[in-house]
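Here the structure is laid out as structure tokens; the discussion comes afterwards.
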There are 2 protein chains.
Amino acid sequence: MNTVCKTHSPTLKESLRERKLKATPARLEILDILSHTKKPLSINDISVKIKGQTDLATLYRTFDTLRDLGLVTQIDFRHGHAHYELATNEHHHHLVCEKCGKVVDISKCNTTDIEKQVLKIGNFSSIKHHSLEFYGLCKACDKGSR
Amino acid sequence: MNTVCKTHSPTLKESLRERKLKATPARLEILDILSHTKKPLSINDISVKIKGQTDLATLYRTFDTLRDLGLVTQIDFRHGHAHYELATNEHHHHLVCEKCGKVVDISKCNTTDIEKQVLKIGNFSSIKHHSLEFYGLCKACDKGSR
DNA sequence: ATCTAGATGCGAATTATTTGCATCTACTAA
DNA sequence: TTAGTAGATGCAAATAATTCGCATCTAGAT
């Protein structure tokens with residue numbers, strides 16, 4: 001049941017060391033969980049999965065640093081709280097029902113070209129992520145609303 | 001100073017009537033403010049602009065209905081609170097600095113094709129909006145972090 | 001002018017997220 | 001291997017955003 005101490009990608013520990021960050025059990029476990037899940041998870045999802053063993057404040061802080069490290073991506077589904085997924089997952093987008101909140105994955109990402117332009121126009125040094133969510137009505141909710 | 005009772009687009013009142021919603025001063029004023037601002041505004045921005053004359057709860061409720069009506073778009077800059085802008089503004093995207101939070105507008109939107117595909121794949125009835133934000137480091141912050 | 005569904009204000013409740021501080025621990029250097 | 005220390009965690013309390021219940025009010029229909 002305890003899957004904490006798997007072999008983790010060397011990249012991870014390297015990334016951490018580069019920034020003088022420690023490879024703590026909490027960090028490793030969070031990444032382990034994310035790597036075994038397709039769906040983006042909320043802080044609460046994670047907390048449940050590890051049975052509350054790690055304090056919420058720590059989870060928030062951990063996700064902050066993982067996001068800054070570029071290992072994790074934060075997504076807003078307008079559910080009232082953030083979701084996170086591994087940045088190394090194949091990049092994709094989401095379709096969210098504005099009524100029931102259902103989320104559908106949209107595979108593939110066509111935004112590379114846009115991204116290059118954006119970099120120039122915006123006069124930024126680097127773009128690390130982007131987040132593209134579509135909002136509409138799923139068929140079930142559309143029926144319900146007529 | 002009081003710019004509440006301008007001539008508003010007929011579309012608005014129509015949209016409201018269709019759904020048995022009332023054209024109240026609060027709603028008209030919010031739309032008036034949004035139409036005179038290029039930047040997306042937060043609930044608090046709006047509250048300040050109208051000098052607290054309208055209760056926050058009402059503002060939240062109003063933006064909910066305006067969003068459902070499709071008149072207003074909600075955006076997440078990861079600033080800890082939502083931003084809103086007129087859906088009728090020329091559609092564009094944003095580039096957000098992960099460090100200082102600065103937001104730069106990216107004009108034009110190339111996602112129509114993607115949107116059509118998404119509709120099919122996701123098996124939704126309709127897509128009303130999408131939200132595309134890029135996250136990275138602005139030049140100022142990039143310098144600061146080395 | 002009246003009636004009523006829908007809107008608002010107010011206060012309180014919820015929920016998400018952040019912060020301060022004491023304690024702990026992963027890594028470094030000897 | 002072991003001590004020393006910067007960085008990490010837990011806990012509790014503070015903020016901040018958003019929502020809800022309910023009494024009152026008002027836009028729009030008749």
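Residues are referred to by chain and number: the chain letter is A, B, ... according to the order shown in the structure tokens, the number counts from 1 in that chain, and ligands are numbered separately from 1 in the order shown.
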
Step one, run DSSP on the backbone; step two, keep only residues of chain B assigned to strand (DSSP E or B); then write them as number ranges by chain.
-> B: 41-42, 72-75, 83-86, 93-97, 103-106, 124-138

Write to file, as a JSON list (two decimals), in the first residue's frame, the residues of the selection just made, with N, CA and C atoms.
```json
[["chain", "number", "residue", "atom", "x", "y", "z"],
["B", 41, "LEU", "N", -11.59, 43.15, -14.83],
["B", 41, "LEU", "CA", -11.73, 43.68, -13.48],
["B", 41, "LEU", "C", -12.12, 42.60, -12.49],
["B", 42, "SER", "N", -11.64, 42.75, -11.27],
["B", 42, "SER", "CA", -12.04, 41.83, -10.21],
["B", 42, "SER", "C", -13.29, 42.37, -9.53],
["B", 72, "VAL", "N", -20.55, 38.12, -20.12],
["B", 72, "VAL", "CA", -19.31, 38.39, -19.42],
["B", 72, "VAL", "C", -18.45, 37.14, -19.37],
["B", 73, "THR", "N", -17.15, 37.31, -19.42],
["B", 73, "THR", "CA", -16.23, 36.19, -19.38],
["B", 73, "THR", "C", -15.42, 36.21, -18.09],
["B", 74, "GLN", "N", -15.25, 35.06, -17.51],
["B", 74, "GLN", "CA", -14.48, 34.97, -16.27],
["B", 74, "GLN", "C", -13.08, 34.45, -16.56],
["B", 75, "ILE", "N", -12.08, 35.09, -15.98],
["B", 75, "ILE", "CA", -10.70, 34.73, -16.24],
["B", 75, "ILE", "C", -9.95, 34.47, -14.94],
["B", 83, "HIS", "N", -11.32, 37.38, -12.34],
["B", 83, "HIS", "CA", -11.46, 38.64, -13.08],
["B", 83, "HIS", "C", -12.53, 38.45, -14.14],
["B", 84, "TYR", "N", -13.14, 39.57, -14.52],
["B", 84, "TYR", "CA", -14.21, 39.49, -15.50],
["B", 84, "TYR", "C", -14.02, 40.55, -16.57],
["B", 85, "GLU", "N", -14.46, 40.23, -17.78],
["B", 85, "GLU", "CA", -14.47, 41.24, -18.83],
["B", 85, "GLU", "C", -15.65, 40.98, -19.76],
["B", 86, "LEU", "N", -16.03, 42.01, -20.51],
["B", 86, "LEU", "CA", -17.14, 41.88, -21.44],
["B", 86, "LEU", "C", -16.83, 40.80, -22.46],
["B", 93, "HIS", "N", -6.20, 36.85, -25.45],
["B", 93, "HIS", "CA", -5.70, 36.02, -24.37],
["B", 93, "HIS", "C", -4.71, 36.80, -23.52],
["B", 94, "HIS", "N", -4.11, 36.12, -22.56],
["B", 94, "HIS", "CA", -3.26, 36.85, -21.63],
["B", 94, "HIS", "C", -1.97, 36.11, -21.32],
["B", 95, "LEU", "N", -0.98, 36.93, -21.02],
["B", 95, "LEU", "CA", 0.32, 36.41, -20.64],
["B", 95, "LEU", "C", 0.59, 36.91, -19.22],
["B", 96, "VAL", "N", 0.75, 35.97, -18.31],
["B", 96, "VAL", "CA", 0.82, 36.33, -16.90],
["B", 96, "VAL", "C", 2.19, 36.00, -16.32],
["B", 97, "CYS", "N", 2.80, 36.94, -15.63],
["B", 97, "CYS", "CA", 4.07, 36.65, -14.97],
["B", 97, "CYS", "C", 3.82, 35.88, -13.69],
["B", 103, "VAL", "N", 0.09, 41.26, -16.06],
["B", 103, "VAL", "CA", -0.71, 40.68, -17.13],
["B", 103, "VAL", "C", -0.56, 41.48, -18.41],
["B", 104, "VAL", "N", -0.24, 40.78, -19.49],
["B", 104, "VAL", "CA", -0.11, 41.43, -20.79],
["B", 104, "VAL", "C", -1.17, 40.85, -21.73],
["B", 105, "ASP", "N", -1.82, 41.71, -22.46],
["B", 105, "ASP", "CA", -2.83, 41.23, -23.41],
["B", 105, "ASP", "C", -2.19, 40.66, -24.66],
["B", 106, "ILE", "N", -2.77, 39.60, -25.14],
["B", 106, "ILE", "CA", -2.37, 39.02, -26.41],
["B", 106, "ILE", "C", -3.55, 39.14, -27.35],
["B", 124, "PHE", "N", -20.08, 17.67, -26.20],
["B", 124, "PHE", "CA", -20.84, 18.70, -25.51],
["B", 124, "PHE", "C", -21.86, 19.29, -26.48],
["B", 125, "SER", "N", -22.85, 19.98, -25.93],
["B", 125, "SER", "CA", -23.85, 20.62, -26.78],
["B", 125, "SER", "C", -23.34, 21.93, -27.34],
["B", 126, "SER", "N", -22.65, 22.68, -26.50],
["B", 126, "SER", "CA", -22.18, 23.98, -26.96],
["B", 126, "SER", "C", -20.97, 24.42, -26.17],
["B", 127, "ILE", "N", -20.15, 25.22, -26.81],
["B", 127, "ILE", "CA", -19.03, 25.84, -26.12],
["B", 127, "ILE", "C", -19.32, 27.32, -26.08],
["B", 128, "LYS", "N", -19.28, 27.89, -24.91],
["B", 128, "LYS", "CA", -19.64, 29.30, -24.80],
["B", 128, "LYS", "C", -18.42, 30.19, -24.73],
["B", 129, "HIS", "N", -17.41, 29.75, -24.03],
["B", 129, "HIS", "CA", -16.20, 30.54, -23.92],
["B", 129, "HIS", "C", -15.01, 29.61, -23.89],
["B", 130, "HIS", "N", -13.85, 30.22, -23.98],
["B", 130, "HIS", "CA", -12.66, 29.50, -23.58],
["B", 130, "HIS", "C", -11.73, 30.51, -22.97],
["B", 131, "SER", "N", -10.78, 29.98, -22.28],
["B", 131, "SER", "CA", -9.89, 30.83, -21.54],
["B", 131, "SER", "C", -8.48, 30.32, -21.76],
["B", 132, "LEU", "N", -7.65, 31.15, -22.33],
["B", 132, "LEU", "CA", -6.29, 30.73, -22.63],
["B", 132, "LEU", "C", -5.31, 31.69, -21.99],
["B", 133, "GLU", "N", -4.62, 31.22, -20.98],
["B", 133, "GLU", "CA", -3.63, 32.05, -20.31],
["B", 133, "GLU", "C", -2.25, 31.39, -20.40],
["B", 134, "PHE", "N", -1.27, 32.23, -20.68],
["B", 134, "PHE", "CA", 0.12, 31.76, -20.71],
["B", 134, "PHE", "C", 0.81, 32.23, -19.44],
["B", 135, "TYR", "N", 1.64, 31.38, -18.87],
["B", 135, "TYR", "CA", 2.34, 31.75, -17.65],
["B", 135, "TYR", "C", 3.84, 31.64, -17.86],
["B", 136, "GLY", "N", 4.54, 32.66, -17.42],
["B", 136, "GLY", "CA", 5.99, 32.63, -17.57],
["B", 136, "GLY", "C", 6.63, 33.69, -16.70],
["B", 137, "LEU", "N", 7.76, 34.18, -17.14],
["B", 137, "LEU", "CA", 8.45, 35.22, -16.38],
["B", 137, "LEU", "C", 8.63, 36.45, -17.26],
["B", 138, "CYS", "N", 8.24, 37.61, -16.73],
["B", 138, "CYS", "CA", 8.48, 38.82, -17.49],
["B", 138, "CYS", "C", 9.97, 39.16, -17.36]]
```

Within 9 Å of His79 of chain B, counting only C-alpha atoms (C1' of nucleotides), which residues qualify if same-chain residues fewer than 3 places away don't, as a PyMOL selection string?
-> chain B and resi 76+82+101

Restricted to all heavy atoms, what would the selected residues look like written as an mmCIF file, in the first residue's frame?
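Done, and the output landed in result37.cif:
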```cif
data_model
loop_
_atom_site.group_PDB
_atom_site.id
_atom_site.type_symbol
_atom_site.label_atom_id
_atom_site.label_comp_id
_atom_site.auth_asym_id
_atom_site.auth_seq_id
_atom_site.Cartn_x
_atom_site.Cartn_y
_atom_site.Cartn_z
ATOM 1 N N ASP B 76 -9.078 33.498 -14.967
ATOM 2 C CA ASP B 76 -8.263 33.193 -13.790
ATOM 3 C C ASP B 76 -6.801 33.511 -14.055
ATOM 4 O O ASP B 76 -6.163 32.871 -14.869
ATOM 5 C CB ASP B 76 -8.398 31.716 -13.425
ATOM 6 C CG ASP B 76 -7.430 31.322 -12.326
ATOM 7 O OD1 ASP B 76 -7.369 32.034 -11.318
ATOM 8 O OD2 ASP B 76 -6.732 30.298 -12.480
ATOM 9 N N ALA B 82 -11.152 35.927 -9.021
ATOM 10 C CA ALA B 82 -11.530 35.935 -10.428
ATOM 11 C C ALA B 82 -11.500 37.339 -11.018
ATOM 12 O O ALA B 82 -11.601 38.327 -10.302
ATOM 13 C CB ALA B 82 -12.929 35.342 -10.584
ATOM 14 N N GLY B 101 2.945 38.744 -11.242
ATOM 15 C CA GLY B 101 1.521 38.772 -11.548
ATOM 16 C C GLY B 101 1.125 39.707 -12.678
ATOM 17 O O GLY B 101 -0.047 39.815 -13.012
#
```

Find the residues of chain A in contact range of chain D, meaning any atom within 9 Å when counting only C-alpha atoms (C1' of nucleotides), and list them as an MDAnalysis selection string.
-> chainID A and resid 20:22 24 54:55 57:58 80

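With the cut-off set to 12 Å and only C-alpha atoms (C1' of nucleotides) counted, chain C residues close to chain A are DT14, DT15, DA16, DT17, DT18, DT19, DT25, DA26, DC27 and DT28 of chain C.
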
Those residues you just picked out, can you put them in a file as a short mmCIF file (atom, residue, chain, number, x, y, z; two decimals), in the first residue's frame with N, CA, C and O atoms (P, O5', C5', C4', C3', O3' and C1' of nucleotides)?
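Result saved to result-v7.cif:
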```cif
data_model
loop_
_atom_site.label_atom_id
_atom_site.label_comp_id
_atom_site.auth_asym_id
_atom_site.auth_seq_id
_atom_site.Cartn_x
_atom_site.Cartn_y
_atom_site.Cartn_z
P DT C 14 -21.47 26.64 8.49
"O5'" DT C 14 -20.75 26.45 7.09
"C5'" DT C 14 -20.61 27.58 6.25
"C4'" DT C 14 -20.15 27.14 4.89
"C3'" DT C 14 -19.05 26.09 4.92
"O3'" DT C 14 -19.12 25.33 3.73
"C1'" DT C 14 -18.16 28.19 4.23
P DT C 15 -18.18 24.08 3.51
"O5'" DT C 15 -16.98 24.68 2.66
"C5'" DT C 15 -17.27 25.47 1.52
"C4'" DT C 15 -15.96 25.98 0.94
"C3'" DT C 15 -14.78 25.02 1.14
"O3'" DT C 15 -14.21 24.79 -0.14
"C1'" DT C 15 -14.22 27.21 1.85
P DA C 16 -12.84 23.98 -0.32
"O5'" DA C 16 -11.81 25.15 -0.63
"C5'" DA C 16 -12.13 26.12 -1.62
"C4'" DA C 16 -11.02 27.12 -1.71
"C3'" DA C 16 -9.62 26.51 -1.82
"O3'" DA C 16 -8.93 27.19 -2.86
"C1'" DA C 16 -9.73 28.00 0.04
P DT C 17 -7.42 26.71 -3.20
"O5'" DT C 17 -6.56 27.65 -2.24
"C5'" DT C 17 -6.70 29.06 -2.38
"C4'" DT C 17 -5.88 29.76 -1.33
"C3'" DT C 17 -4.41 29.30 -1.25
"O3'" DT C 17 -3.60 30.42 -1.58
"C1'" DT C 17 -5.37 29.56 0.90
P DT C 18 -2.03 30.40 -1.36
"O5'" DT C 18 -1.88 31.10 0.07
"C5'" DT C 18 -2.58 32.30 0.31
"C4'" DT C 18 -2.10 32.90 1.62
"C3'" DT C 18 -0.59 32.89 1.84
"O3'" DT C 18 -0.25 34.18 2.33
"C1'" DT C 18 -1.66 31.84 3.65
P DT C 19 1.29 34.58 2.52
"O5'" DT C 19 1.48 34.63 4.10
"C5'" DT C 19 0.40 35.01 4.92
"C4'" DT C 19 0.79 34.86 6.38
"C3'" DT C 19 2.30 34.80 6.65
"O3'" DT C 19 2.59 35.67 7.75
"C1'" DT C 19 1.23 32.92 7.59
P DT C 25 11.91 14.37 12.41
"O5'" DT C 25 12.64 14.61 11.02
"C5'" DT C 25 12.00 15.35 9.99
"C4'" DT C 25 13.01 15.62 8.88
"C3'" DT C 25 14.10 14.56 8.77
"O3'" DT C 25 14.50 14.54 7.42
"C1'" DT C 25 15.10 16.59 9.14
P DA C 26 14.56 13.15 6.60
"O5'" DA C 26 15.19 13.65 5.22
"C5'" DA C 26 14.51 14.64 4.46
"C4'" DA C 26 15.52 15.52 3.74
"C3'" DA C 26 16.60 14.77 2.98
"O3'" DA C 26 16.83 15.50 1.77
"C1'" DA C 26 17.62 16.12 4.65
P DC C 27 17.84 14.84 0.71
"O5'" DC C 27 19.22 15.55 1.08
"C5'" DC C 27 19.57 16.76 0.42
"C4'" DC C 27 20.66 17.46 1.20
"C3'" DC C 27 22.08 17.05 0.78
"O3'" DC C 27 22.72 18.19 0.24
"C1'" DC C 27 21.84 17.25 3.13
P DT C 28 24.14 17.97 -0.51
"O5'" DT C 28 25.05 19.12 0.12
"C5'" DT C 28 24.52 20.10 1.00
"C4'" DT C 28 25.62 20.56 1.94
"C3'" DT C 28 27.04 20.22 1.46
"O3'" DT C 28 27.86 21.36 1.58
"C1'" DT C 28 26.66 19.33 3.65
#
```

For atom CA of Leu66 of chain B and atom CA of Lys120 of chain B, quote the distance in Å rounded to one decimal.
->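 Atom-to-atom, atom CA of Leu66 of chain B to atom CA of Lys120 of chain B, that is 26.4 Å.
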
Looking only at helix (DSSP H, G or I) from DSSP on the backbone, list the matching residues of segment 4-56 of chain A as a VMD selection string.
-> chain A and resid 10 to 18 25 to 35 43 to 49 56

Shell around Leu12 of chain A at 10 Å using only C-alpha atoms (C1' of nucleotides), local window under 6 positions removed, as a ChimeraX atom specification = /A:18,23,27-28,31,66,69,71

Dump of C-alpha atoms for the selected residues, as an mmCIF file, in the first residue's frame:
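Written out: out.cif:
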```cif
data_model
loop_
_atom_site.group_PDB
_atom_site.id
_atom_site.type_symbol
_atom_site.label_atom_id
_atom_site.label_comp_id
_atom_site.auth_asym_id
_atom_site.auth_seq_id
_atom_site.Cartn_x
_atom_site.Cartn_y
_atom_site.Cartn_z
ATOM 1 C CA GLU A 18 19.794 22.851 -8.281
ATOM 2 C CA ALA A 23 13.838 15.692 -1.612
ATOM 3 C CA ARG A 27 7.363 15.909 -2.227
ATOM 4 C CA LEU A 28 8.260 12.493 -3.523
ATOM 5 C CA LEU A 31 4.829 13.359 -7.424
ATOM 6 C CA LEU A 66 6.642 22.163 -7.552
ATOM 7 C CA LEU A 69 10.063 24.205 -10.433
ATOM 8 C CA LEU A 71 7.170 19.986 -12.444
#
```

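Of note, atom CA of Lys38 of chain B and atom CA of Glu90 of chain B are spaced 10.0 Å apart.
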